[in-house]
Protein chains: 2
Amino acid sequence: MPNKNLINWTIIVRVLSFLLIMEAGFMLTGLPFAWFYDESLYPLLLSALFTGAIGLIVLLRIGKNYKKNIGKREGYLIVALTWIVISFFGTLPFLLSGAISSFTDAFFETMSGLTTTGASILNDIESMPRNILYWRSMTHWIGGMGIIVLTVAILPFLGIGGMQLMVAEMPGLQPDKLHPRITATAKRFWGIYVIFTVAEVLLLWLGEMDFFDSVNHSFATMATGGFSTRNNSIAAFGAYSQYVIILFMIFAGTNFTLHYHALHRQFSKVRHNQEFRVYLAIIAVATVYVTVNLVFFMDLGLEKSFREALFTTVSILTTTGFVTADYFVWPYFIWIFIFSLMFVGGSAGSTGGGIKIVRHLLLIKNSWLELKRAIHPQAIIPVKYNHKTVSKEIIFNVMAFFLIYVLSFASGVFVLALIGLDFETSIGATIATLGNIGPGIAGVGPVENYAFFTPFAKWFLSFLMLLGRLELFTVLIVLSPAFWRH
Amino acid sequence: MPNKNLINWTIIVRVLSFLLIMEAGFMLTGLPFAWFYDESLYPLLLSALFTGAIGLIVLLRIGKNYKKNIGKREGYLIVALTWIVISFFGTLPFLLSGAISSFTDAFFETMSGLTTTGASILNDIESMPRNILYWRSMTHWIGGMGIIVLTVAILPFLGIGGMQLMVAEMPGLQPDKLHPRITATAKRFWGIYVIFTVAEVLLLWLGEMDFFDSVNHSFATMATGGFSTRNNSIAAFGAYSQYVIILFMIFAGTNFTLHYHALHRQFSKVRHNQEFRVYLAIIAVATVYVTVNLVFFMDLGLEKSFREALFTTVSILTTTGFVTADYFVWPYFIWIFIFSLMFVGGSAGSTGGGIKIVRHLLLIKNSWLELKRAIHPQAIIPVKYNHKTVSKEIIFNVMAFFLIYVLSFASGVFVLALIGLDFETSIGATIATLGNIGPGIAGVGPVENYAFFTPFAKWFLSFLMLLGRLELFTVLIVLSPAFWRH
């Protein structure tokens, strides 16, 4: 009988080394680009060999004779450690190629990639070797795959932040076993993820982008990441490419279970999903508001105003962070609208970050009902979502999530203020990293980057990216003393 | 049998007209100052006669033959309408004296007084007739009395925002009858309020202030209001007066039930009150932090640094809003500290506004325990406050309050942004009015005022003051359609 109170470290290390081997494999996929563009093969090759070797050696040493039980505590540790360990080894291509010389910078960039944030410390993106830029975009794509499995399979298993809600309708997922859940989810949703990515590559390639740019931007789009291969981000491309990217950002910010339903022709489930409807409604309202104001106050012309409004709205709402216009130079009453979207976030079960639309929806519904409850204290008035009653426990959980989010945001602004950043920059950098968006406002606005931050600030912001990406709880629970006390 | 679904308007109107007669009485108390300073007696006299006459006529017309039942709905309406009606008649002295010519401005100033906010539209306070300044301070003092009764007697009766918590220990308050609750509370706590006010008047008068200034500033202190008779606020006075005001601001920001316990020599109840301990701890930590930074970065000297740090901390935390220094010109990492206190607020059951310390305490405790609960989902881990278990309903209620507060704050910033205010000013003005503080940051910083706002903005900010002062729910419930549907 294994001691249930001891953490099963063997299984944790085994999962991590397995993931390292996968990471090595992903590194190797960049070699054709290095070869095609006459760049050195060594950085990616050595990184892959080193990463894969470590993974393989550890895996072989563990062998087949280990306890296979994965409980909740192992689940938390695997999630938190995965992003850190993969980021750690993911810095190798940057460091070995000399493209980024400081470890702090390389870690920031990799963590930003794997958390699908897209905040960059690079001043001149276009001077980088192509195969290293490819790896940079690949960190997004890997991160996106991780997030889908995390939100659909792992978090509901751990019972975090109301994630049970959106998989309630998914048939065939075993609620009580982690491993089969992950396998089933990966099979269903990674296929969809790959199909979207391939479709976007082809559509972009049809336009002005070459194959390299198409692949990189598709990786960054589907992960709602935001890394571009150009210094001017998507402003470097024309209307066609921008509209294609808008379309796929919208797909990426949608709950992947809805794509699954659509694929199985269950369109009524898509149509009646309240989060999806609100998601589209926010895009529509924000786009109209920004378009009208851009036409009147920035004199941009209708099509360009519409395109910039739609692109910026979708890019920020889905937490992608691609840029076609410097929204921070728009009048304040326009950019405050964009800024407020940073606090909304994408849909649950999408690759988007932030608080998420469904949580806002539940909280607003509950606040409204709380007024009703105050008038009729004896009546039981439950919150409904997609025509089903939401348990009080989930509402409680979502409220706690929101509170901790606000607290994390306030603490973040505070720490950056103590470092000496100005008011708007500290607010912008905190929400841009905690919400996994990338660009914020002021000093970290759409045409700025994170190069000027002190090493301490870069580590702190890396932590905020991780915190936001893992839905707060996963990280905080592992950091709490109660987790280790047994 | 009275129809329980019909709102008993007669009792509401009766209470309001009774309060108008009281207001008229308070107006008359300013006449000695008008006489002493050789100012016209007419503004206060006519205002009092008109206000009192309206109250008396309505009261007599209702007579003694009316239904006496006060339910929750009547309670909500009485609370919300009281502040509006009293503000409406409270504008009369300003308008009749010609001290303020616009009704919008006069309403803003009176609402600011009665909600104990202290935000002013006056550019030159010292040019006003003394008896009108007295009435302005008196609106604070009346508002403070109202707030004590509201939070200790009425809100727990209505079951709002965890207010049940802090009166749990008060013996002899009937939980189910509003009228006896109010009478008992008023008897107990208005006495304390008056004693503190008189003591402060005497202490200030002993220093450099004349009797008039002593009375005005004592009214503003004990109500945690913030109106001063000087253009430079408390910076116009010396160290002695400032320390006296600091002491009484601390008293005013303390739960009045603790004063009651102290008066009955139950000091252990005071000592073990967690909110009180946190309140003092916040003052201590903030004062040390600000003092050290002022010494190093502003070169002010130790005593002056300490005094300005302590004064500013206490003034903002208790939501009084008196000013001895322009904290907005201090380095950002100092004023962000002050600014963050604006989101904390005073103690529950004090005259201070804002979110209140006890709510933060419960939310932080609950967030912390939520992590524990995630690790041990089967265990029941309740929040404890003052060594007693807090029911899940109260936590839920407090969470809902916090969420609606954040939502109100965000909406406020948004509306002011659309009007065309800059980022920092819209944030500052929203929290300064919603939190009933008075001074904010930037355009509404400590040495600025609210004169430059458009009429729409002034009405909107008046609404925010009312919303914050009545603990959100009271106002929002009355505004919700569900309240009127029956």
# chains A, B, ... in the order shown; residues from 1 in each chain; ligands from 1
$ interface_residues --of "chain A" --to "chain B" --cutoff "6 Å" --atoms "only C-alpha atoms" --output "ChimeraX atom specification"
/A:333,367,371,400,417-418,477
$ residues_around --residues "segment 47-56 of chain A" --least-positions-apart "6" --cutoff "9 Å" --atoms "only C-alpha atoms" --output "VMD selection string"
chain A and resid 14 16 to 28 89 to 93 96
$ write_last_selection --atoms "N, CA, C and O atoms" --output "compact mmCIF listing (two decimals), in the first residue's frame"
# COMPACT_ATOMS: atom_id res chain seq x y z
N ARG A 14 8.82 11.51 -14.13
CA ARG A 14 8.61 10.72 -15.34
C ARG A 14 7.84 11.53 -16.39
O ARG A 14 8.21 11.57 -17.56
N LEU A 16 7.58 14.76 -16.58
CA LEU A 16 8.39 15.88 -17.03
C LEU A 16 9.45 15.42 -18.05
O LEU A 16 9.69 16.10 -19.05
N SER A 17 10.08 14.27 -17.79
CA SER A 17 11.13 13.84 -18.73
C SER A 17 10.51 13.41 -20.06
O SER A 17 11.08 13.64 -21.12
N PHE A 18 9.31 12.85 -19.99
CA PHE A 18 8.59 12.52 -21.22
C PHE A 18 8.32 13.80 -22.03
O PHE A 18 8.51 13.84 -23.25
N LEU A 19 7.91 14.87 -21.33
CA LEU A 19 7.63 16.14 -22.01
C LEU A 19 8.91 16.75 -22.58
O LEU A 19 8.88 17.40 -23.62
N LEU A 20 10.05 16.53 -21.89
CA LEU A 20 11.32 17.05 -22.41
C LEU A 20 11.67 16.40 -23.74
O LEU A 20 12.17 17.06 -24.67
N ILE A 21 11.40 15.09 -23.83
CA ILE A 21 11.67 14.40 -25.09
C ILE A 21 10.78 14.96 -26.20
O ILE A 21 11.23 15.20 -27.32
N MET A 22 9.52 15.23 -25.86
CA MET A 22 8.63 15.86 -26.84
C MET A 22 9.16 17.23 -27.26
O MET A 22 9.14 17.60 -28.44
N GLU A 23 9.63 18.01 -26.27
CA GLU A 23 10.16 19.34 -26.57
C GLU A 23 11.33 19.24 -27.54
O GLU A 23 11.44 20.02 -28.49
N ALA A 24 12.21 18.25 -27.29
CA ALA A 24 13.36 18.04 -28.17
C ALA A 24 12.88 17.78 -29.60
O ALA A 24 13.44 18.31 -30.58
N GLY A 25 11.83 16.97 -29.69
CA GLY A 25 11.27 16.68 -31.01
C GLY A 25 10.80 17.95 -31.71
O GLY A 25 11.07 18.17 -32.89
N PHE A 26 10.10 18.82 -30.96
CA PHE A 26 9.63 20.08 -31.54
C PHE A 26 10.79 20.97 -31.98
O PHE A 26 10.71 21.68 -32.97
N MET A 27 11.90 20.92 -31.22
CA MET A 27 13.07 21.71 -31.60
C MET A 27 13.60 21.29 -32.97
O MET A 27 13.97 22.11 -33.80
N LEU A 28 13.59 19.97 -33.18
CA LEU A 28 14.14 19.43 -34.43
C LEU A 28 13.35 19.91 -35.65
O LEU A 28 13.90 20.04 -36.74
N PHE A 89 14.50 24.66 -20.46
CA PHE A 89 15.20 24.04 -21.59
C PHE A 89 14.92 24.80 -22.89
O PHE A 89 15.75 24.81 -23.80
N GLY A 90 13.78 25.46 -22.94
CA GLY A 90 13.43 26.22 -24.15
C GLY A 90 14.32 27.42 -24.39
O GLY A 90 14.32 28.00 -25.49
N THR A 91 15.08 27.83 -23.36
CA THR A 91 15.99 28.97 -23.56
C THR A 91 17.21 28.57 -24.38
O THR A 91 17.90 29.44 -24.93
N LEU A 92 17.50 27.26 -24.45
CA LEU A 92 18.75 26.80 -25.07
C LEU A 92 18.97 27.33 -26.50
O LEU A 92 20.04 27.87 -26.79
N PRO A 93 17.99 27.20 -27.41
CA PRO A 93 18.23 27.70 -28.77
C PRO A 93 18.58 29.20 -28.79
O PRO A 93 19.46 29.62 -29.55
N LEU A 96 22.29 29.36 -27.19
CA LEU A 96 23.35 28.72 -27.98
C LEU A 96 23.59 29.46 -29.29
O LEU A 96 24.71 29.52 -29.80
$ select_by_dssp --residues "segment 41-124 of chain B" --states "alpha helix (DSSP H)" --output "MDAnalysis selection string"
chainID B and resid 42:62 72:90 92:97 103:114
$ closest_residue --among "A:Ile154, A:Ala432, A:Ala262, A:Val270" --to "Met342 of chain A" --atoms "only C-alpha atoms"
A:Ala432
$ residues_around --residues "Met249 of chain A" --least-positions-apart "3" --cutoff "8 Å" --atoms "only C-alpha atoms" --output "mmCIF file with all heavy atoms, in the first residue's frame"
data_model
loop_
_atom_site.group_PDB
_atom_site.id
_atom_site.type_symbol
_atom_site.label_atom_id
_atom_site.label_comp_id
_atom_site.auth_asym_id
_atom_site.auth_seq_id
_atom_site.Cartn_x
_atom_site.Cartn_y
_atom_site.Cartn_z
ATOM 1 N N THR A 221 -1.012 32.786 -33.884
ATOM 2 C CA THR A 221 -2.449 33.072 -33.874
ATOM 3 C C THR A 221 -3.217 32.018 -33.091
ATOM 4 O O THR A 221 -3.993 32.342 -32.193
ATOM 5 C CB THR A 221 -3.025 33.094 -35.306
ATOM 6 O OG1 THR A 221 -2.244 33.952 -36.117
ATOM 7 C CG2 THR A 221 -4.467 33.580 -35.294
ATOM 8 N N MET A 222 -3.015 30.755 -33.462
ATOM 9 C CA MET A 222 -3.831 29.697 -32.871
ATOM 10 C C MET A 222 -3.561 29.533 -31.370
ATOM 11 O O MET A 222 -4.415 29.062 -30.631
ATOM 12 C CB MET A 222 -3.626 28.369 -33.596
ATOM 13 C CG MET A 222 -4.297 28.310 -34.971
ATOM 14 S SD MET A 222 -6.003 28.941 -34.979
ATOM 15 C CE MET A 222 -6.800 27.789 -33.844
ATOM 16 N N THR A 224 -3.104 32.101 -29.539
ATOM 17 C CA THR A 224 -3.358 33.471 -29.037
ATOM 18 C C THR A 224 -2.097 34.017 -28.372
ATOM 19 O O THR A 224 -2.152 34.624 -27.303
ATOM 20 C CB THR A 224 -4.551 33.564 -28.052
ATOM 21 O OG1 THR A 224 -4.226 32.860 -26.846
ATOM 22 C CG2 THR A 224 -5.818 33.023 -28.646
ATOM 23 N N ILE A 245 -5.913 36.684 -40.317
ATOM 24 C CA ILE A 245 -5.484 36.539 -38.917
ATOM 25 C C ILE A 245 -6.628 36.850 -37.960
ATOM 26 O O ILE A 245 -6.811 36.170 -36.941
ATOM 27 C CB ILE A 245 -4.236 37.413 -38.652
ATOM 28 C CG1 ILE A 245 -3.036 36.796 -39.379
ATOM 29 C CG2 ILE A 245 -3.962 37.544 -37.158
ATOM 30 C CD1 ILE A 245 -1.753 37.583 -39.271
ATOM 31 N N ILE A 246 -7.424 37.872 -38.271
ATOM 32 C CA ILE A 246 -8.591 38.193 -37.432
ATOM 33 C C ILE A 246 -9.494 36.966 -37.296
ATOM 34 O O ILE A 246 -9.883 36.572 -36.191
ATOM 35 C CB ILE A 246 -9.404 39.365 -38.042
ATOM 36 C CG1 ILE A 246 -8.648 40.686 -37.877
ATOM 37 C CG2 ILE A 246 -10.784 39.461 -37.386
ATOM 38 C CD1 ILE A 246 -9.250 41.845 -38.656
ATOM 39 N N ALA A 252 -9.415 30.915 -32.379
ATOM 40 C CA ALA A 252 -8.537 30.524 -31.271
ATOM 41 C C ALA A 252 -9.099 30.964 -29.926
ATOM 42 O O ALA A 252 -8.884 30.315 -28.904
ATOM 43 C CB ALA A 252 -7.144 31.109 -31.473
ATOM 44 N N GLY A 253 -9.853 32.063 -29.927
ATOM 45 C CA GLY A 253 -10.425 32.577 -28.678
ATOM 46 C C GLY A 253 -11.748 31.930 -28.324
ATOM 47 O O GLY A 253 -12.382 32.287 -27.336
ATOM 48 N N VAL A 314 -10.227 42.234 -31.453
ATOM 49 C CA VAL A 314 -10.091 40.777 -31.411
ATOM 50 C C VAL A 314 -8.737 40.387 -30.820
ATOM 51 O O VAL A 314 -8.637 39.465 -30.006
ATOM 52 C CB VAL A 314 -10.276 40.180 -32.819
ATOM 53 C CG1 VAL A 314 -9.912 38.711 -32.832
ATOM 54 C CG2 VAL A 314 -11.701 40.391 -33.298
ATOM 55 N N SER A 315 -7.693 41.114 -31.208
ATOM 56 C CA SER A 315 -6.353 40.782 -30.732
ATOM 57 C C SER A 315 -6.248 40.932 -29.213
ATOM 58 O O SER A 315 -5.645 40.099 -28.540
ATOM 59 C CB SER A 315 -5.334 41.688 -31.429
ATOM 60 O OG SER A 315 -4.057 41.491 -30.889
ATOM 61 N N THR A 318 -8.982 38.372 -27.300
ATOM 62 C CA THR A 318 -8.531 36.978 -27.287
ATOM 63 C C THR A 318 -7.176 36.831 -26.601
ATOM 64 O O THR A 318 -6.646 35.741 -26.492
ATOM 65 C CB THR A 318 -8.392 36.435 -28.727
ATOM 66 O OG1 THR A 318 -7.427 37.235 -29.418
ATOM 67 C CG2 THR A 318 -9.707 36.490 -29.476
ATOM 68 N N THR A 320 -4.357 37.738 -27.757
ATOM 69 C CA THR A 320 -3.289 37.414 -28.697
ATOM 70 C C THR A 320 -2.173 38.465 -28.613
ATOM 71 O O THR A 320 -1.009 38.138 -28.353
ATOM 72 C CB THR A 320 -3.839 37.332 -30.128
ATOM 73 O OG1 THR A 320 -4.953 36.450 -30.147
ATOM 74 C CG2 THR A 320 -2.767 36.846 -31.098
#
$ residues_around --residues "segment 306-313 of chain B" --least-positions-apart "3" --cutoff "9 Å" --atoms "only C-alpha atoms" --output "short mmCIF file (atom, residue, chain, number, x, y, z; two decimals) with all heavy atoms, in the first residue's frame"
data_model
loop_
_atom_site.label_atom_id
_atom_site.label_comp_id
_atom_site.auth_asym_id
_atom_site.auth_seq_id
_atom_site.Cartn_x
_atom_site.Cartn_y
_atom_site.Cartn_z
N ALA B 239 1.31 72.11 14.04
CA ALA B 239 1.49 70.72 14.41
C ALA B 239 0.46 70.28 15.46
O ALA B 239 -0.12 69.18 15.35
CB ALA B 239 2.90 70.48 14.93
N GLN B 242 -2.90 69.62 14.05
CA GLN B 242 -2.85 68.46 13.16
C GLN B 242 -2.84 67.16 13.94
O GLN B 242 -3.54 66.20 13.59
CB GLN B 242 -1.61 68.57 12.25
CG GLN B 242 -1.72 69.75 11.28
CD GLN B 242 -0.52 69.89 10.36
OE1 GLN B 242 0.41 69.10 10.41
NE2 GLN B 242 -0.55 70.91 9.50
N TYR B 243 -2.06 67.13 15.03
CA TYR B 243 -2.03 65.90 15.84
C TYR B 243 -3.39 65.63 16.49
O TYR B 243 -3.83 64.48 16.59
CB TYR B 243 -0.92 65.96 16.89
CG TYR B 243 0.45 65.64 16.33
CD1 TYR B 243 1.47 66.59 16.32
CD2 TYR B 243 0.73 64.37 15.79
CE1 TYR B 243 2.72 66.30 15.80
CE2 TYR B 243 1.97 64.08 15.27
CZ TYR B 243 2.97 65.04 15.28
OH TYR B 243 4.20 64.74 14.75
N ILE B 245 -6.29 66.48 15.30
CA ILE B 245 -7.19 65.98 14.25
C ILE B 245 -6.86 64.53 13.88
O ILE B 245 -7.76 63.71 13.67
CB ILE B 245 -7.14 66.92 13.02
CG1 ILE B 245 -7.85 68.24 13.38
CG2 ILE B 245 -7.79 66.28 11.81
CD1 ILE B 245 -7.81 69.29 12.31
N ILE B 246 -5.56 64.21 13.84
CA ILE B 246 -5.16 62.81 13.58
C ILE B 246 -5.81 61.87 14.59
O ILE B 246 -6.42 60.86 14.23
CB ILE B 246 -3.62 62.66 13.64
CG1 ILE B 246 -2.96 63.32 12.43
CG2 ILE B 246 -3.22 61.18 13.72
CD1 ILE B 246 -1.44 63.42 12.52
N ILE B 282 -2.31 48.78 9.71
CA ILE B 282 -2.18 49.46 8.41
C ILE B 282 -1.65 50.87 8.61
O ILE B 282 -0.76 51.34 7.90
CB ILE B 282 -3.54 49.50 7.67
CG1 ILE B 282 -3.99 48.10 7.29
CG2 ILE B 282 -3.45 50.37 6.41
CD1 ILE B 282 -5.40 48.04 6.71
N ILE B 283 -2.21 51.57 9.62
CA ILE B 283 -1.76 52.94 9.90
C ILE B 283 -0.26 52.92 10.20
O ILE B 283 0.51 53.73 9.67
CB ILE B 283 -2.55 53.55 11.08
CG1 ILE B 283 -4.02 53.75 10.69
CG2 ILE B 283 -1.93 54.87 11.51
CD1 ILE B 283 -4.91 54.22 11.81
N ALA B 284 0.16 51.97 11.05
CA ALA B 284 1.57 51.91 11.45
C ALA B 284 2.49 51.64 10.26
O ALA B 284 3.45 52.38 10.02
CB ALA B 284 1.76 50.84 12.52
N ALA B 286 1.93 51.88 6.97
CA ALA B 286 1.89 52.93 5.94
C ALA B 286 2.67 54.16 6.41
O ALA B 286 3.41 54.78 5.64
CB ALA B 286 0.45 53.29 5.60
N THR B 287 2.49 54.51 7.68
CA THR B 287 3.16 55.70 8.20
C THR B 287 4.68 55.52 8.16
O THR B 287 5.41 56.42 7.73
CB THR B 287 2.71 56.00 9.64
OG1 THR B 287 1.29 56.16 9.64
CG2 THR B 287 3.36 57.26 10.17
N VAL B 288 5.16 54.35 8.58
CA VAL B 288 6.61 54.11 8.57
C VAL B 288 7.14 54.16 7.13
O VAL B 288 8.12 54.85 6.85
CB VAL B 288 6.93 52.73 9.21
CG1 VAL B 288 8.38 52.34 8.95
CG2 VAL B 288 6.64 52.78 10.71
N TYR B 289 6.45 53.49 6.24
CA TYR B 289 6.90 53.46 4.84
C TYR B 289 6.97 54.88 4.26
O TYR B 289 7.97 55.28 3.67
CB TYR B 289 5.97 52.59 4.00
CG TYR B 289 6.31 52.60 2.53
CD1 TYR B 289 7.30 51.78 2.02
CD2 TYR B 289 5.65 53.46 1.64
CE1 TYR B 289 7.63 51.80 0.67
CE2 TYR B 289 5.97 53.49 0.29
CZ TYR B 289 6.96 52.65 -0.18
OH TYR B 289 7.29 52.69 -1.52
N VAL B 290 5.90 55.63 4.45
CA VAL B 290 5.85 56.98 3.86
C VAL B 290 6.86 57.89 4.55
O VAL B 290 7.56 58.66 3.88
CB VAL B 290 4.42 57.56 3.92
CG1 VAL B 290 4.38 58.99 3.41
CG2 VAL B 290 3.46 56.69 3.11
N THR B 291 6.97 57.79 5.88
CA THR B 291 7.92 58.64 6.61
C THR B 291 9.34 58.42 6.09
O THR B 291 10.03 59.40 5.73
CB THR B 291 7.89 58.30 8.12
OG1 THR B 291 6.57 58.45 8.60
CG2 THR B 291 8.83 59.22 8.89
N VAL B 292 9.76 57.16 6.05
CA VAL B 292 11.12 56.85 5.62
C VAL B 292 11.38 57.43 4.23
O VAL B 292 12.41 58.07 3.97
CB VAL B 292 11.36 55.32 5.63
CG1 VAL B 292 12.67 54.97 4.94
CG2 VAL B 292 11.35 54.81 7.05
N LEU B 294 9.77 59.88 2.72
CA LEU B 294 9.75 61.35 2.71
C LEU B 294 11.08 61.90 3.23
O LEU B 294 11.61 62.87 2.70
CB LEU B 294 8.59 61.88 3.56
CG LEU B 294 7.19 61.75 2.96
CD1 LEU B 294 6.16 62.36 3.90
CD2 LEU B 294 7.12 62.42 1.60
N VAL B 295 11.62 61.26 4.26
CA VAL B 295 12.90 61.71 4.81
C VAL B 295 13.99 61.61 3.74
O VAL B 295 14.75 62.55 3.51
CB VAL B 295 13.29 60.86 6.04
CG1 VAL B 295 14.75 61.12 6.44
CG2 VAL B 295 12.37 61.18 7.22
N GLY B 301 12.80 66.51 6.83
CA GLY B 301 13.07 66.47 8.27
C GLY B 301 12.19 65.43 8.91
O GLY B 301 11.08 65.16 8.44
N LEU B 302 12.65 64.83 10.01
CA LEU B 302 11.98 63.66 10.56
C LEU B 302 10.58 63.95 11.08
O LEU B 302 9.61 63.28 10.72
CB LEU B 302 12.84 63.03 11.67
CG LEU B 302 12.30 61.71 12.21
CD1 LEU B 302 12.18 60.67 11.09
CD2 LEU B 302 13.17 61.16 13.33
N GLU B 303 10.44 65.01 11.92
CA GLU B 303 9.12 65.24 12.53
C GLU B 303 8.09 65.59 11.47
O GLU B 303 6.98 65.06 11.46
CB GLU B 303 9.22 66.36 13.59
CG GLU B 303 7.98 66.50 14.48
CD GLU B 303 6.86 67.33 13.87
OE1 GLU B 303 7.15 68.17 12.99
OE2 GLU B 303 5.70 67.12 14.24
N ILE B 316 -6.64 59.47 4.58
CA ILE B 316 -7.11 58.71 3.42
C ILE B 316 -7.74 57.38 3.86
O ILE B 316 -8.81 57.00 3.39
CB ILE B 316 -5.96 58.45 2.42
CG1 ILE B 316 -5.46 59.78 1.84
CG2 ILE B 316 -6.40 57.51 1.31
CD1 ILE B 316 -6.48 60.57 1.05
N LEU B 317 -7.09 56.69 4.80
CA LEU B 317 -7.61 55.39 5.23
C LEU B 317 -9.00 55.52 5.85
O LEU B 317 -9.89 54.73 5.58
CB LEU B 317 -6.65 54.74 6.24
CG LEU B 317 -7.05 53.35 6.71
CD1 LEU B 317 -6.99 52.33 5.58
CD2 LEU B 317 -6.17 52.88 7.87
N THR B 318 -9.19 56.55 6.68
CA THR B 318 -10.50 56.74 7.31
C THR B 318 -11.49 57.39 6.35
O THR B 318 -12.63 57.62 6.70
CB THR B 318 -10.38 57.63 8.56
OG1 THR B 318 -9.85 58.90 8.14
CG2 THR B 318 -9.45 57.02 9.59
N GLY B 321 -10.22 62.77 4.24
CA GLY B 321 -9.86 63.61 3.11
C GLY B 321 -9.34 64.99 3.46
O GLY B 321 -9.23 65.85 2.59
N PHE B 322 -9.02 65.24 4.75
CA PHE B 322 -8.30 66.45 5.11
C PHE B 322 -6.91 66.39 4.48
O PHE B 322 -6.36 65.30 4.28
CB PHE B 322 -8.12 66.55 6.63
CG PHE B 322 -9.30 67.13 7.36
CD1 PHE B 322 -9.62 66.68 8.64
CD2 PHE B 322 -10.07 68.15 6.81
CE1 PHE B 322 -10.69 67.21 9.35
CE2 PHE B 322 -11.14 68.69 7.51
CZ PHE B 322 -11.45 68.21 8.78
N VAL B 323 -6.32 67.56 4.23
CA VAL B 323 -5.04 67.59 3.54
C VAL B 323 -4.05 68.48 4.29
O VAL B 323 -4.39 69.59 4.70
CB VAL B 323 -5.23 68.14 2.10
CG1 VAL B 323 -3.89 68.33 1.42
CG2 VAL B 323 -6.12 67.21 1.30
N THR B 324 -2.84 67.96 4.51
CA THR B 324 -1.76 68.83 5.02
C THR B 324 -0.63 68.93 4.01
O THR B 324 0.23 69.77 4.14
CB THR B 324 -1.16 68.28 6.34
OG1 THR B 324 -0.67 66.96 6.11
CG2 THR B 324 -2.17 68.29 7.46
N ALA B 325 -0.63 68.03 3.01
CA ALA B 325 0.46 68.05 2.03
C ALA B 325 -0.07 67.57 0.69
O ALA B 325 -1.00 66.75 0.65
CB ALA B 325 1.59 67.12 2.49
N TYR B 327 0.21 65.24 -1.59
CA TYR B 327 0.87 63.94 -1.77
C TYR B 327 1.07 63.58 -3.24
O TYR B 327 1.89 62.75 -3.57
CB TYR B 327 0.12 62.82 -1.04
CG TYR B 327 -1.36 62.69 -1.38
CD1 TYR B 327 -1.77 62.10 -2.56
CD2 TYR B 327 -2.34 63.15 -0.50
CE1 TYR B 327 -3.11 61.98 -2.87
CE2 TYR B 327 -3.68 63.03 -0.80
CZ TYR B 327 -4.06 62.44 -1.99
OH TYR B 327 -5.40 62.33 -2.29
N ILE B 338 -0.33 55.71 -0.85
CA ILE B 338 -1.50 56.46 -0.36
C ILE B 338 -2.73 56.10 -1.18
O ILE B 338 -3.82 55.83 -0.65
CB ILE B 338 -1.24 57.99 -0.51
CG1 ILE B 338 0.09 58.40 0.13
CG2 ILE B 338 -2.41 58.79 0.03
CD1 ILE B 338 0.13 58.37 1.60
N LEU B 341 -4.50 52.96 -0.36
CA LEU B 341 -5.32 53.01 0.86
C LEU B 341 -6.75 53.44 0.54
O LEU B 341 -7.68 53.15 1.29
CB LEU B 341 -4.71 53.99 1.88
CG LEU B 341 -3.36 53.62 2.48
CD1 LEU B 341 -2.88 54.71 3.41
CD2 LEU B 341 -3.44 52.29 3.22
#
